[in-house]
Amino acid sequence: FEDNSTVEIGEDCLFAANININCSDNHTIYDKDSKEILNWGKSVKIGNHVWISRDVTICKNTEIPDNCVIGAGSVVTKSFKEPNCIIAGAPARVVKQNINWSELRPNQYIKQN
């Protein structure tokens, strides 16, 4: 990883297909006059029991808290602090709070509970 950036993934996470996790922009963007680099790589942290749906992009310098769901096609461009949320959109935002999720299908979940 670039610039000592890391990807940290918690326990019991579920990942659908076509997930992109980026710690950098892959190319340098710099100030034209000073030549100062403007887009250094940064880390990504994904909490415990996070479900990341299909076609999601997670950008550098982001954090996803425990027990969250990232909606299909979302682009996560910032850190979130509140656990138990559905985070969705491009750019992603909290769309539902006070949730949790199970890998079981609804009929299986009902039978178990």
# chains A, B, ... in the order shown; residues from 1 in each chain; ligands from 1
call {"tool": "select_by_dssp", "arguments": {"residues": "stretch 10-110 of chain A", "states": "helix (DSSP H, G or I)", "output": "PyMOL selection string"}}
result
chain A and resi 106-110
call {"tool": "closest_atom_pairs", "arguments": {"of": "stretch 13-70 of chain A", "to": "stretch 83-103 of chain A", "cutoff": "9 Å", "atoms": "only C-alpha atoms", "output": "CSV"}}
result
residue,atom,partner,partner_atom,distance
A:Leu14,CA,A:Glu103,CA,8.2
A:Gly47,CA,A:Pro83,CA,8.9
A:His49,CA,A:Trp101,CA,8.4
A:Val50,CA,A:Trp101,CA,8.7
A:Trp51,CA,A:Trp101,CA,8.0
A:Ile64,CA,A:Pro83,CA,8.1
A:Pro65,CA,A:Pro83,CA,4.9
A:Asp66,CA,A:Pro83,CA,5.1
A:Asn67,CA,A:Asn84,CA,4.8
A:Cys68,CA,A:Cys85,CA,4.9
A:Val69,CA,A:Ile86,CA,4.8
A:Ile70,CA,A:Ile87,CA,4.9
call {"tool": "select_by_dssp", "arguments": {"residues": "chain A", "states": "strand (DSSP E or B)", "output": "number ranges by chain"}}
result
A: 7-9, 14-15, 20-21, 30, 37, 44-46, 51-52, 57-58, 62-64, 69-70, 75-76, 85-89, 92-97
call {"tool": "closest_residue", "arguments": {"among": "A:Lys45, A:Ile29, A:Cys13, A:Val75", "to": "A:Ile58", "atoms": "only C-alpha atoms"}}
result
A:Val75
call {"tool": "residues_around", "arguments": {"residues": "A:Ile37", "least_positions_apart": "5", "cutoff": "12 Å", "atoms": "only C-alpha atoms", "output": "PyMOL selection string"}}
result
chain A and resi 25+27-32
call {"tool": "write_last_selection", "arguments": {"atoms": "C-alpha atoms", "output": "CSV table (one decimal), in the first residue's frame"}}
result
chain,number,residue,atom,x,y,z
A,25,ASP,CA,-5.9,7.8,-6.2
A,27,HIS,CA,-1.8,8.9,-9.7
A,28,THR,CA,-0.3,12.1,-8.3
A,29,ILE,CA,-2.2,15.3,-8.1
A,30,TYR,CA,0.0,18.3,-7.2
A,31,ASP,CA,-0.1,22.0,-6.8
A,32,LYS,CA,1.1,23.5,-10.2
call {"tool": "closest_residue", "arguments": {"among": "A:Thr62, A:Thr77, A:Gln108, A:Asn48", "to": "A:Gly10", "atoms": "only C-alpha atoms"}}
result
A:Asn48
call {"tool": "residues_around", "arguments": {"residues": "A:Ser53", "least_positions_apart": "4", "cutoff": "6 Å", "atoms": "only C-alpha atoms", "output": "number ranges by chain"}}
result
A: 16, 70-72
call {"tool": "atom_distance", "arguments": {"atom1": "atom CA of A:Arg54", "atom2": "atom CA of A:Ser5"}}
result
24.2 Å
